[in-house]
file work-v2.tsv (TSV, C-alpha atoms and all ligand atoms)
chain	number	residue	atom	x	y	z
A	1	MET	CA	0.00	0.00	0.00
A	2	SER	CA	1.37	3.40	-0.91
A	3	GLN	CA	0.83	6.78	0.65
A	4	ASN	CA	-2.47	7.10	-1.24
A	5	ALA	CA	-4.58	5.62	1.54
A	6	ILE	CA	-3.35	8.23	4.01
A	7	ILE	CA	-5.74	11.12	4.55
A	8	GLY	CA	-4.19	14.49	3.78
A	9	GLN	CA	-0.65	15.29	5.05
A	10	THR	CA	0.48	15.98	1.48
A	11	HIS	CA	3.46	17.98	2.63
A	12	ILE	CA	4.81	15.14	4.79
A	13	LYS	CA	4.16	12.59	2.04
A	14	GLN	CA	6.23	14.65	-0.40
A	15	LEU	CA	8.99	15.21	2.12
A	16	LEU	CA	9.35	11.50	2.92
A	17	ALA	CA	9.10	10.39	-0.72
A	18	HIS	CA	11.84	12.86	-1.56
A	19	MET	CA	14.04	11.49	1.22
A	20	VAL	CA	13.60	7.95	-0.10
A	21	GLU	CA	14.22	8.97	-3.70
A	22	THR	CA	17.39	10.84	-2.88
A	23	GLU	CA	18.48	8.20	-0.34
A	24	ARG	CA	18.70	10.78	2.39
A	25	VAL	CA	16.47	9.26	5.01
A	26	PRO	CA	17.66	10.22	8.51
A	27	HIS	CA	18.53	7.24	10.69
A	28	ALA	CA	15.96	8.34	13.26
A	29	LEU	CA	12.68	10.13	12.69
A	30	LEU	CA	10.21	11.29	15.32
A	31	PHE	CA	6.57	11.65	14.28
A	32	THR	CA	4.73	13.89	16.73
A	33	GLY	CA	1.21	15.23	17.10
A	34	GLU	CA	-2.09	14.01	18.55
A	35	GLU	CA	-3.00	10.51	17.35
A	36	GLY	CA	-5.37	10.09	14.43
A	37	ARG	CA	-3.50	12.37	12.06
A	38	GLY	CA	-1.87	9.51	10.15
A	39	GLN	CA	1.38	8.82	12.00
A	40	ILE	CA	1.18	5.01	11.94
A	41	PRO	CA	0.03	4.79	8.29
A	42	MET	CA	2.79	7.22	7.31
A	43	ALA	CA	5.45	5.24	9.20
A	44	LEU	CA	4.25	2.05	7.51
A	45	ALA	CA	4.28	3.69	4.07
A	46	LEU	CA	7.84	4.90	4.65
A	47	ALA	CA	8.95	1.45	5.82
A	48	GLU	CA	7.32	-0.07	2.75
A	49	ALA	CA	9.12	2.36	0.45
A	50	LEU	CA	12.48	1.63	2.12
A	51	LEU	CA	11.98	-2.13	1.93
A	52	CYS	CA	10.60	-2.13	-1.62
A	53	GLU	CA	12.75	-3.61	-4.37
A	54	HIS	CA	11.57	-1.21	-7.08
A	55	PRO	CA	10.28	1.96	-5.44
A	56	VAL	CA	8.55	4.39	-7.79
A	57	ASN	CA	8.95	8.11	-7.04
A	58	GLY	CA	10.01	7.34	-3.50
A	59	GLN	CA	6.99	5.11	-2.87
A	60	ALA	CA	6.56	1.36	-2.59
A	61	CYS	CA	5.66	-0.44	-5.84
A	62	GLY	CA	3.07	-2.62	-4.09
A	63	THR	CA	3.86	-5.71	-6.15
A	64	CYS	CA	7.40	-6.94	-5.32
A	65	PRO	CA	8.00	-9.75	-2.77
A	66	GLY	CA	9.01	-7.17	-0.11
A	67	CYS	CA	5.79	-5.22	-0.63
A	68	HIS	CA	3.84	-8.45	-0.48
A	69	LEU	CA	5.34	-9.28	2.93
A	70	ASN	CA	4.69	-5.75	4.12
A	71	SER	CA	1.04	-5.92	3.13
A	72	LYS	CA	0.69	-8.57	5.86
A	73	PHE	CA	3.07	-6.83	8.30
A	74	ILE	CA	5.42	-9.84	8.20
A	75	HIS	CA	8.52	-8.41	6.47
A	76	PRO	CA	11.54	-9.81	8.36
A	77	ASP	CA	13.32	-6.43	8.26
A	78	LEU	CA	10.46	-4.39	9.68
A	79	HIS	CA	10.35	-4.51	13.46
A	80	PHE	CA	7.66	-3.17	15.74
A	81	VAL	CA	7.86	-1.96	19.32
A	82	PHE	CA	4.61	-0.96	21.02
A	83	PRO	CA	3.16	-0.86	24.55
A	84	VAL	CA	2.12	-4.18	26.02
A	85	VAL	CA	1.14	-5.68	29.36
A	86	LYS	CA	2.30	-8.76	31.18
A	87	ARG	CA	0.65	-11.87	29.79
A	88	LYS	CA	-1.89	-13.65	31.97
A	89	ASN	CA	-0.56	-16.78	33.69
A	90	LYS	CA	2.91	-16.28	32.20
A	91	SER	CA	6.05	-15.45	34.10
A	92	ASP	CA	8.03	-14.05	31.12
A	93	ALA	CA	8.85	-10.36	30.75
A	94	PRO	CA	6.32	-8.50	28.59
A	95	LEU	CA	7.54	-8.02	25.01
A	96	SER	CA	5.95	-6.70	21.79
A	97	ASP	CA	6.82	-9.94	20.00
A	98	GLN	CA	4.39	-11.85	22.21
A	99	TYR	CA	1.57	-9.70	20.85
A	100	LEU	CA	2.56	-9.59	17.17
A	101	ALA	CA	-0.46	-11.62	16.02
A	102	LEU	CA	-2.85	-9.19	17.75
A	103	TRP	CA	-0.86	-6.23	16.45
A	104	ARG	CA	-1.06	-7.44	12.84
A	105	GLU	CA	-4.77	-8.10	13.24
A	106	ALA	CA	-5.33	-4.58	14.61
A	107	LEU	CA	-3.38	-2.97	11.75
A	108	THR	CA	-5.23	-5.10	9.21
A	109	GLU	CA	-8.50	-3.82	10.65
A	110	SER	CA	-7.24	-0.24	10.38
A	111	ARG	CA	-3.83	1.34	10.06
A	112	TYR	CA	-5.29	4.25	11.98
A	113	LEU	CA	-4.88	2.40	15.24
A	114	GLY	CA	-5.59	4.41	18.40
A	115	ALA	CA	-4.20	3.96	21.90
A	116	GLU	CA	-7.65	3.29	23.34
A	117	ARG	CA	-8.47	0.64	20.74
A	118	TRP	CA	-5.10	-1.02	21.41
A	119	ARG	CA	-5.75	-1.13	25.16
A	120	GLU	CA	-9.10	-2.80	24.47
A	121	THR	CA	-7.37	-5.32	22.21
A	122	LEU	CA	-4.76	-6.09	24.88
A	123	ASN	CA	-7.56	-6.47	27.43
A	124	THR	CA	-5.35	-4.68	29.94
A	125	GLU	CA	-7.84	-4.67	32.82
A	126	ASN	CA	-5.92	-2.81	35.52
A	127	GLN	CA	-2.45	-3.04	34.02
A	128	GLN	CA	-0.83	0.01	32.51
A	129	PRO	CA	0.63	-0.83	29.08
A	130	GLY	CA	4.29	0.06	28.69
A	131	ILE	CA	7.47	-0.58	26.74
A	132	PHE	CA	9.65	-2.59	29.08
A	133	THR	CA	13.34	-3.29	29.52
A	134	LYS	CA	13.57	-6.54	27.56
A	135	GLU	CA	12.34	-4.68	24.48
A	136	ALA	CA	15.55	-2.73	23.83
A	137	GLU	CA	17.71	-5.86	24.14
A	138	ASN	CA	15.41	-7.66	21.77
A	139	ILE	CA	15.65	-4.89	19.15
A	140	THR	CA	19.43	-4.63	19.55
A	141	GLY	CA	19.66	-8.34	18.83
A	142	LYS	CA	17.45	-8.11	15.77
A	143	ILE	CA	19.12	-5.17	14.10
A	144	SER	CA	22.65	-6.38	14.76
A	145	LEU	CA	21.92	-9.12	12.23
A	146	LYS	CA	22.29	-8.43	8.54
A	147	ALA	CA	19.04	-7.42	6.86
A	148	SER	CA	17.32	-10.62	5.78
A	149	LEU	CA	16.57	-9.31	2.31
A	150	GLY	CA	19.78	-7.31	1.96
A	151	GLY	CA	18.31	-3.80	2.15
A	152	TYR	CA	17.22	-1.53	4.94
A	153	LYS	CA	16.10	-2.47	8.42
A	154	VAL	CA	13.28	-0.43	9.90
A	155	VAL	CA	12.14	-0.18	13.50
A	156	ILE	CA	8.81	1.49	14.29
A	157	VAL	CA	8.36	2.45	17.95
A	158	TRP	CA	4.75	3.44	18.66
A	159	GLN	CA	3.91	5.50	21.76
A	160	ALA	CA	7.63	5.90	22.35
A	161	GLU	CA	6.93	7.99	25.48
A	162	LEU	CA	5.87	4.79	27.23
A	163	MET	CA	9.42	3.40	27.20
A	164	ASN	CA	10.71	2.99	30.72
A	165	GLU	CA	13.96	4.75	31.58
A	166	GLU	CA	16.18	1.75	31.09
A	167	THR	CA	14.70	0.99	27.68
A	168	ALA	CA	14.99	4.64	26.68
A	169	ASN	CA	18.67	4.68	27.63
A	170	LYS	CA	19.35	1.54	25.63
A	171	LEU	CA	17.52	2.96	22.64
A	172	LEU	CA	19.58	6.12	23.00
A	173	LYS	CA	22.77	4.02	22.64
A	174	LEU	CA	21.39	2.60	19.40
A	175	LEU	CA	20.57	6.06	18.13
A	176	GLU	CA	24.03	7.34	19.05
A	177	GLU	CA	25.77	4.60	17.12
A	178	PRO	CA	23.25	3.71	14.50
A	179	PRO	CA	23.82	0.44	12.66
A	180	GLU	CA	24.19	0.92	8.93
A	181	ARG	CA	21.05	1.19	6.79
A	182	THR	CA	18.78	1.10	9.80
A	183	VAL	CA	15.93	3.58	10.18
A	184	PHE	CA	14.13	4.19	13.45
A	185	ILE	CA	10.69	5.77	13.30
A	186	LEU	CA	9.51	6.90	16.72
A	187	ILE	CA	5.88	7.90	17.07
A	188	SER	CA	4.83	9.98	20.05
A	189	ALA	CA	1.83	12.14	20.91
A	190	GLN	CA	3.71	13.34	24.00
A	191	PRO	CA	7.30	13.95	22.90
A	192	GLU	CA	7.86	16.12	25.99
A	193	ARG	CA	7.94	12.86	27.96
A	194	LEU	CA	10.89	11.52	25.93
A	195	LEU	CA	14.51	11.92	27.00
A	196	THR	CA	15.78	15.15	25.47
A	197	THR	CA	18.87	13.24	24.43
A	198	ILE	CA	16.68	10.94	22.35
A	199	VAL	CA	14.74	13.80	20.79
A	200	SER	CA	17.97	15.56	19.82
A	201	ARG	CA	19.10	12.44	17.96
A	202	THR	CA	16.01	12.38	15.80
A	203	GLN	CA	14.56	14.49	13.05
A	204	GLU	CA	11.11	15.56	14.19
A	205	ILE	CA	8.19	15.66	11.81
A	206	ALA	CA	5.16	17.30	13.43
A	207	PHE	CA	1.81	16.05	12.10
A	208	PRO	CA	-0.77	18.86	11.93
A	209	PRO	CA	-4.52	18.11	12.35
A	210	ILE	CA	-6.14	16.89	9.13
A	211	PRO	CA	-7.97	19.92	7.66
A	212	THR	CA	-11.76	19.68	8.16
A	213	ASP	CA	-12.54	19.64	4.43
A	214	THR	CA	-10.00	16.88	3.73
A	215	LEU	CA	-11.27	14.79	6.63
A	216	ALA	CA	-14.88	15.34	5.52
A	217	VAL	CA	-14.14	14.03	2.02
A	218	ALA	CA	-12.46	10.94	3.52
A	219	LEU	CA	-15.46	10.30	5.77
A	220	GLU	CA	-17.78	10.54	2.76
A	221	GLN	CA	-15.68	8.16	0.69
A	222	LYS	CA	-14.70	5.61	3.33
A	223	HIS	CA	-17.89	5.57	5.38
A	224	GLY	CA	-20.57	6.68	2.95
A	225	LEU	CA	-21.67	9.70	5.01
A	226	SER	CA	-23.65	12.49	3.40
A	227	PRO	CA	-21.61	15.66	2.76
A	228	GLU	CA	-23.37	17.48	5.63
A	229	MET	CA	-22.87	14.67	8.15
A	230	ALA	CA	-19.28	14.19	7.06
A	231	HIS	CA	-18.54	17.88	7.47
A	232	ASP	CA	-20.19	17.99	10.89
A	233	LEU	CA	-18.28	14.98	12.15
A	234	ALA	CA	-14.98	16.19	10.68
A	235	HIS	CA	-15.48	19.51	12.43
A	236	ARG	CA	-16.13	17.85	15.81
A	237	SER	CA	-13.13	15.53	15.41
A	238	ASN	CA	-10.50	18.27	15.33
A	239	GLY	CA	-8.59	16.71	12.45
A	240	ASN	CA	-8.35	13.35	14.20
A	241	TYR	CA	-9.57	10.47	12.02
A	242	ILE	CA	-9.43	7.96	14.88
A	243	LYS	CA	-11.74	10.16	16.94
A	244	ALA	CA	-14.16	10.42	14.00
A	245	CYS	CA	-14.20	6.63	13.58
A	246	ARG	CA	-14.86	6.09	17.27
A	247	GLU	CA	-17.81	8.43	17.15
A	248	LEU	CA	-19.22	6.58	14.12
A	249	GLN	CA	-18.82	3.28	15.94
A	250	GLY	CA	-20.50	4.73	19.02
A	251	ALA	CA	-23.46	5.91	16.93
A	252	ALA	CA	-23.76	2.50	15.27
A	253	ASP	CA	-23.67	0.75	18.66
A	254	ASN	CA	-26.28	3.15	19.99
A	255	ALA	CA	-28.63	2.50	17.07
A	256	GLN	CA	-28.22	-1.24	17.57
A	257	ASP	CA	-28.92	-0.94	21.30
A	258	PHE	CA	-32.05	1.07	20.58
A	259	ASP	CA	-33.37	-1.60	18.19
A	260	MET	CA	-32.66	-4.38	20.67
A	261	PHE	CA	-34.29	-2.43	23.51
A	262	VAL	CA	-37.46	-1.74	21.51
A	263	LEU	CA	-37.69	-5.37	20.42
A	264	PHE	CA	-37.15	-6.59	23.97
A	265	MET	CA	-39.88	-4.40	25.41
A	266	ARG	CA	-42.34	-5.34	22.66
A	267	LEU	CA	-41.72	-9.05	23.13
A	268	CYS	CA	-42.00	-8.78	26.92
A	269	TYR	CA	-45.24	-6.83	26.66
A	270	ALA	CA	-46.69	-9.38	24.21
A	271	ARG	CA	-45.31	-12.24	26.36
A	272	LYS	CA	-43.69	-13.92	23.36
A	273	ILE	CA	-41.49	-16.37	25.20
A	274	LYS	CA	-40.24	-18.20	22.12
A	275	ASP	CA	-39.16	-14.96	20.41
A	276	LEU	CA	-37.62	-13.78	23.67
A	277	SER	CA	-35.54	-16.93	23.72
A	278	GLU	CA	-34.21	-16.04	20.24
A	279	TRP	CA	-33.62	-12.47	21.37
A	280	THR	CA	-31.65	-13.87	24.31
A	281	ASP	CA	-29.49	-15.92	21.94
A	282	ARG	CA	-28.64	-12.79	19.97
A	283	MET	CA	-27.66	-10.94	23.14
A	284	ALA	CA	-25.59	-13.87	24.35
A	285	GLU	CA	-23.53	-13.78	21.14
A	286	ARG	CA	-22.28	-10.29	21.96
A	287	GLY	CA	-19.08	-9.74	23.90
A	288	ARG	CA	-19.30	-8.91	27.62
A	289	GLU	CA	-18.43	-5.25	27.03
A	290	ARG	CA	-21.30	-4.81	24.56
A	291	GLN	CA	-23.66	-6.66	26.90
A	292	LYS	CA	-22.76	-4.34	29.75
A	293	ALA	CA	-23.13	-1.32	27.47
A	294	PHE	CA	-26.59	-2.55	26.43
A	295	LEU	CA	-27.75	-2.90	30.05
A	296	ASP	CA	-26.47	0.62	30.76
A	297	TYR	CA	-28.38	1.83	27.74
A	298	CYS	CA	-31.58	0.10	28.94
A	299	GLN	CA	-31.32	1.77	32.33
A	300	ARG	CA	-30.90	5.12	30.67
A	301	MET	CA	-33.96	4.47	28.49
A	302	LEU	CA	-36.07	3.41	31.49
A	303	ARG	CA	-35.12	6.57	33.32
A	304	GLU	CA	-35.76	8.78	30.28
A	305	ASN	CA	-39.13	7.19	29.59
A	306	PHE	CA	-40.21	7.60	33.20
A	307	ILE	CA	-39.24	11.27	33.11
A	308	TYR	CA	-41.02	11.66	29.76
A	309	ASN	CA	-44.33	11.25	31.60
A	310	PHE	CA	-43.75	14.55	33.42
A	311	ARG	CA	-43.86	16.43	30.10
A	312	ARG	CA	-40.75	18.44	30.87
A	313	PRO	CA	-38.76	18.16	27.63
A	314	GLU	CA	-35.87	20.17	29.07
A	315	LEU	CA	-35.22	17.25	31.44
A	316	ASN	CA	-35.18	14.65	28.66
A	317	TYR	CA	-32.13	13.56	26.68
A	318	LEU	CA	-33.48	11.52	23.79
A	319	ASN	CA	-32.54	11.47	20.13
A	320	PRO	CA	-35.42	11.75	17.60
A	321	ARG	CA	-35.95	7.98	17.23
A	322	GLU	CA	-35.86	7.46	20.99
A	323	ALA	CA	-38.25	10.36	21.53
A	324	ASP	CA	-40.67	8.97	18.97
A	325	PHE	CA	-40.68	5.61	20.74
A	326	ALA	CA	-41.20	7.34	24.09
A	327	THR	CA	-44.50	8.85	22.91
A	328	ARG	CA	-45.91	5.31	22.97
A	329	PHE	CA	-43.73	3.53	25.50
A	330	ALA	CA	-43.41	6.06	28.36
A	331	PRO	CA	-46.85	5.31	29.90
A	332	PHE	CA	-45.68	1.76	30.61
A	333	ILE	CA	-42.86	3.02	32.84
A	334	ASN	CA	-44.46	4.50	35.94
A	335	GLU	CA	-43.99	5.00	39.69
A	336	ARG	CA	-45.05	1.41	40.38
A	337	ASN	CA	-42.45	-0.35	38.27
A	338	VAL	CA	-39.60	2.02	37.50
A	339	ILE	CA	-37.53	1.24	40.58
A	340	PRO	CA	-37.95	-2.57	40.50
A	341	LEU	CA	-37.15	-2.54	36.76
A	342	MET	CA	-34.01	-0.48	37.29
A	343	ARG	CA	-33.00	-2.91	40.04
A	344	GLU	CA	-33.42	-5.91	37.77
A	345	PHE	CA	-31.32	-4.36	34.99
A	346	ASP	CA	-28.72	-3.39	37.53
A	347	SER	CA	-28.56	-6.89	38.94
A	348	ALA	CA	-28.30	-8.35	35.41
A	349	ARG	CA	-25.36	-6.04	34.79
A	350	ARG	CA	-23.65	-7.24	37.97
A	351	ASP	CA	-24.15	-10.85	36.88
A	352	ILE	CA	-22.60	-10.10	33.47
A	353	VAL	CA	-19.62	-8.46	35.14
A	354	GLN	CA	-19.20	-11.58	37.26
A	355	ASN	CA	-19.20	-13.77	34.17
A	356	THR	CA	-22.53	-15.48	34.84
A	357	ASN	CA	-23.86	-17.30	31.77
A	358	ALA	CA	-25.22	-14.52	29.56
A	359	ARG	CA	-28.11	-16.59	28.17
A	360	MET	CA	-29.37	-17.27	31.68
A	361	VAL	CA	-28.98	-13.64	32.73
A	362	PHE	CA	-30.90	-12.24	29.78
A	363	PHE	CA	-33.63	-14.86	29.83
A	364	ASP	CA	-34.14	-14.34	33.54
A	365	LEU	CA	-34.33	-10.61	32.88
A	366	SER	CA	-37.03	-11.22	30.24
A	367	ILE	CA	-39.23	-13.09	32.72
A	368	LYS	CA	-38.87	-10.39	35.35
A	369	THR	CA	-39.57	-7.65	32.82
A	370	ILE	CA	-42.74	-9.41	31.63
A	371	VAL	CA	-44.03	-9.40	35.20
A	372	LEU	CA	-43.02	-5.82	35.97
A	373	LEU	CA	-44.13	-4.24	32.71
A	374	ILE	CA	-47.87	-4.68	33.27
A	375	ARG	CA	-48.04	-3.32	36.79
B	401	ZN	ZN	7.76	-3.12	-3.87
call {"tool": "encode", "arguments": {"input": "work-v2.tsv", "output": "structure tokens"}}
result
Amino acid sequence: MSQNAIIGQTHIKQLLAHMVETERVPHALLFTGEEGRGQIPMALALAEALLCEHPVNGQACGTCPGCHLNSKFIHPDLHFVFPVVKRKNKSDAPLSDQYLALWREALTESRYLGAERWRETLNTENQQPGIFTKEAENITGKISLKASLGGYKVVIVWQAELMNEETANKLLKLLEEPPERTVFILISAQPERLLTTIVSRTQEIAFPPIPTDTLAVALEQKHGLSPEMAHDLAHRSNGNYIKACRELQGAADNAQDFDMFVLFMRLCYARKIKDLSEWTDRMAERGRERQKAFLDYCQRMLRENFIYNFRRPELNYLNPREADFATRFAPFINERNVIPLMREFDSARRDIVQNTNARMVFFDLSIKTIVLLIR
């Protein structure tokens, strides 16, 4: 993949392509700026160009064996360092290599990978992801070998500010005496947290926010938004494509929760046990996080529908579809059942958190809702 898939940042694209073409790529680059502006895709595109056998105008050809390996993030001369956590039930020191399969999967899903998405992928629970001591030794070992395919070696360090001090000092040694034909690309949204000695060894390239119009066009093309919606979302995202994508995902999840909530209430009211059992199966297929989010959503809807009965719109927070449903549904949520219903949804949520069988939890909730809904 060439630079074409990267949104905006024309100036940086030209600069890097020129460096590759003239073979004047600095041995260490530092990409700075808030995430979501294209730092990872740009680092990958540069690595691809450096590792390509027949680059065209400073960009990867996309067809040679090297490019083929890079399209799957498995080129033997491209190394990745990124924050990780200690593996569950393992005594070994945490290392990026242990998470390479997840990393490749995440990049395949989107090269615009965000820190929050990565933490979810790692399933960090209470651990703080970091770049730990073993990492520097591991990289030193890898780049001291001759490049497998005889060309450059490239090391991409993502969220470089999360290196611990020891790792940072070891990396500094590498940057001070760079092995031949090795390029380090450090990516950091908080470069002020890096050792100044590291920063001074790198050439910084600051990524500006993606201009609203450019981001809007990308949102139209990649996500099929109308021009107005795309412009609105681009404006709210402050030039951060990752932020825009998260908001789109949130809206999609919300719409899905609404549909499931409406269906649930209809089936409970009509006492359709067989259909409720199918509904339960659908809920059980979701991941725990989405199940919890759904139960939170239901509690919010119960509260909003109860309040709706007071006819004080300034107290209601409903989108148009939700408000339309409330005109018919609100009378069913009243002072007799609102508190017991909230309690049941709350207790279902606790059960989900404690890993109780989701099918049982949701079916049990259906029965209780049937009883409470007609009070
Ligand atoms: Zn190529």
call {"tool": "residues_near_ligand", "arguments": {"input": "work-v2.tsv", "ligand": "ligand ZN 401 (chain B)", "cutoff": "7 Å", "atoms": "all atoms listed in the file", "output": "VMD selection string"}}
result
chain A and resid 52 to 55 60 to 67
call {"tool": "write_last_selection", "arguments": {"input": "work-v2.tsv", "atoms": "C-alpha atoms", "output": "short mmCIF file (atom, residue, chain, number, x, y, z; two decimals), in the frame of the given file"}}
result
data_model
loop_
_atom_site.label_atom_id
_atom_site.label_comp_id
_atom_site.auth_asym_id
_atom_site.auth_seq_id
_atom_site.Cartn_x
_atom_site.Cartn_y
_atom_site.Cartn_z
CA CYS A 52 10.60 -2.13 -1.62
CA GLU A 53 12.75 -3.61 -4.37
CA HIS A 54 11.57 -1.21 -7.08
CA PRO A 55 10.28 1.96 -5.44
CA ALA A 60 6.56 1.36 -2.59
CA CYS A 61 5.66 -0.44 -5.84
CA GLY A 62 3.07 -2.62 -4.09
CA THR A 63 3.86 -5.71 -6.15
CA CYS A 64 7.40 -6.94 -5.32
CA PRO A 65 8.00 -9.75 -2.77
CA GLY A 66 9.01 -7.17 -0.11
CA CYS A 67 5.79 -5.22 -0.63
#
call {"tool": "residues_near_point", "arguments": {"input": "work-v2.tsv", "point": "(-5.5, 17.9, 4.9)", "cutoff": "6 Å", "atoms": "all atoms listed in the file", "output": "count of residues only"}}
result
5
call {"tool": "atom_distance", "arguments": {"input": "work-v2.tsv", "atom1": "atom CA of Thr121 of chain A", "atom2": "atom CA of Glu192 of chain A"}}
result
26.6 Å
call {"tool": "atom_distance", "arguments": {"input": "work-v2.tsv", "atom1": "atom CA of Val199 of chain A", "atom2": "atom CA of Asp77 of chain A"}}
result
23.8 Å
call {"tool": "residues_around", "arguments": {"input": "work-v2.tsv", "residues": "Ala45 of chain A", "least_positions_apart": "2", "cutoff": "9 Å", "atoms": "all atoms listed in the file", "output": "PyMOL selection string"}}
result
chain A and resi 1-3+6+40-43+47-50+59-60
call {"tool": "residues_around", "arguments": {"input": "work-v2.tsv", "residues": "Gly36 of chain A", "least_positions_apart": "2", "cutoff": "9 Å", "atoms": "only C-alpha atoms", "output": "number ranges by chain"}}
result
A: 33-34, 38-40, 112-114, 209-210, 239-244
call {"tool": "residues_around", "arguments": {"input": "work-v2.tsv", "residues": "segment 99-110 of chain A", "least_positions_apart": "4", "cutoff": "9 Å", "atoms": "only C-alpha atoms", "output": "NGL selection string"}}
result
:A and (71-74 or 80 or 82 or 84 or 95 or 117-118 or 121-122)
call {"tool": "residues_around", "arguments": {"input": "work-v2.tsv", "residues": "Asp324 of chain A", "least_positions_apart": "3", "cutoff": "12 Å", "atoms": "only C-alpha atoms", "output": "PDB file with C-alpha atoms, in the coordinates of the input"}}
result
ATOM      1  CA  PHE A 258     -32.050   1.070  20.580  1.00  0.00           C
ATOM      2  CA  VAL A 262     -37.460  -1.740  21.510  1.00  0.00           C
ATOM      3  CA  ASN A 305     -39.130   7.190  29.590  1.00  0.00           C
ATOM      4  CA  TYR A 308     -41.020  11.660  29.760  1.00  0.00           C
ATOM      5  CA  LEU A 318     -33.480  11.520  23.790  1.00  0.00           C
ATOM      6  CA  ASN A 319     -32.540  11.470  20.130  1.00  0.00           C
ATOM      7  CA  PRO A 320     -35.420  11.750  17.600  1.00  0.00           C
ATOM      8  CA  ARG A 321     -35.950   7.980  17.230  1.00  0.00           C
ATOM      9  CA  THR A 327     -44.500   8.850  22.910  1.00  0.00           C
ATOM     10  CA  ARG A 328     -45.910   5.310  22.970  1.00  0.00           C
ATOM     11  CA  PHE A 329     -43.730   3.530  25.500  1.00  0.00           C
ATOM     12  CA  ALA A 330     -43.410   6.060  28.360  1.00  0.00           C
TER      13      ALA A 330
END
call {"tool": "closest_residue", "arguments": {"input": "work-v2.tsv", "among": "A:Pro331, A:Leu29, A:Arg271, A:Lys222", "to": "Ile307 of chain A", "atoms": "only C-alpha atoms"}}
result
A:Pro331
call {"tool": "residues_around", "arguments": {"input": "work-v2.tsv", "residues": "Gln159 of chain A", "least_positions_apart": "5", "cutoff": "8 Å", "atoms": "all atoms listed in the file", "output": "count of residues only"}}
result
6
call {"tool": "closest_residue", "arguments": {"input": "work-v2.tsv", "among": "A:Thr182, A:Gln98, A:Gln190, A:Ser237", "to": "Lys142 of chain A", "atoms": "all atoms listed in the file"}}
result
A:Thr182
call {"tool": "residues_near_point", "arguments": {"input": "work-v2.tsv", "point": "(-41.2, -11.2, 30.0)", "cutoff": "12 Å", "atoms": "all atoms listed in the file", "output": "PyMOL selection string"}}
result
chain A and resi 263-277+279-280+341+362-374
call {"tool": "closest_residue", "arguments": {"input": "work-v2.tsv", "among": "A:Ala93, A:Ile143, A:Met260, A:Val25", "to": "His79 of chain A", "atoms": "only C-alpha atoms"}}
result
A:Ile143
call {"tool": "closest_residue", "arguments": {"input": "work-v2.tsv", "among": "A:Leu145, A:Ala230, A:Ala252, A:Ala348", "to": "Cys298 of chain A", "atoms": "all atoms listed in the file"}}
result
A:Ala348
call {"tool": "atom_distance", "arguments": {"input": "work-v2.tsv", "atom1": "atom CA of Gly141 of chain A", "atom2": "atom CA of Ile205 of chain A"}}
result
27.5 Å
call {"tool": "closest_residue", "arguments": {"input": "work-v2.tsv", "among": "A:Ala234, A:Ala323, A:Ile139, A:Ile131", "to": "Glu166 of chain A", "atoms": "all atoms listed in the file"}}
result
A:Ile131
call {"tool": "closest_residue", "arguments": {"input": "work-v2.tsv", "among": "A:Thr212, A:Thr196, A:Asn355, A:Asn337", "to": "Asp232 of chain A", "atoms": "all atoms listed in the file"}}
result
A:Thr212
call {"tool": "axis_aligned_box", "arguments": {"input": "work-v2.tsv", "around": "segment 104-109 of chain A", "padding_each_side": "4 Å", "output": "JSON"}}
result
{"center_x": -4.8, "center_y": -5.5, "center_z": 11.9, "size_x": 15.4, "size_y": 13.1, "size_z": 13.4}
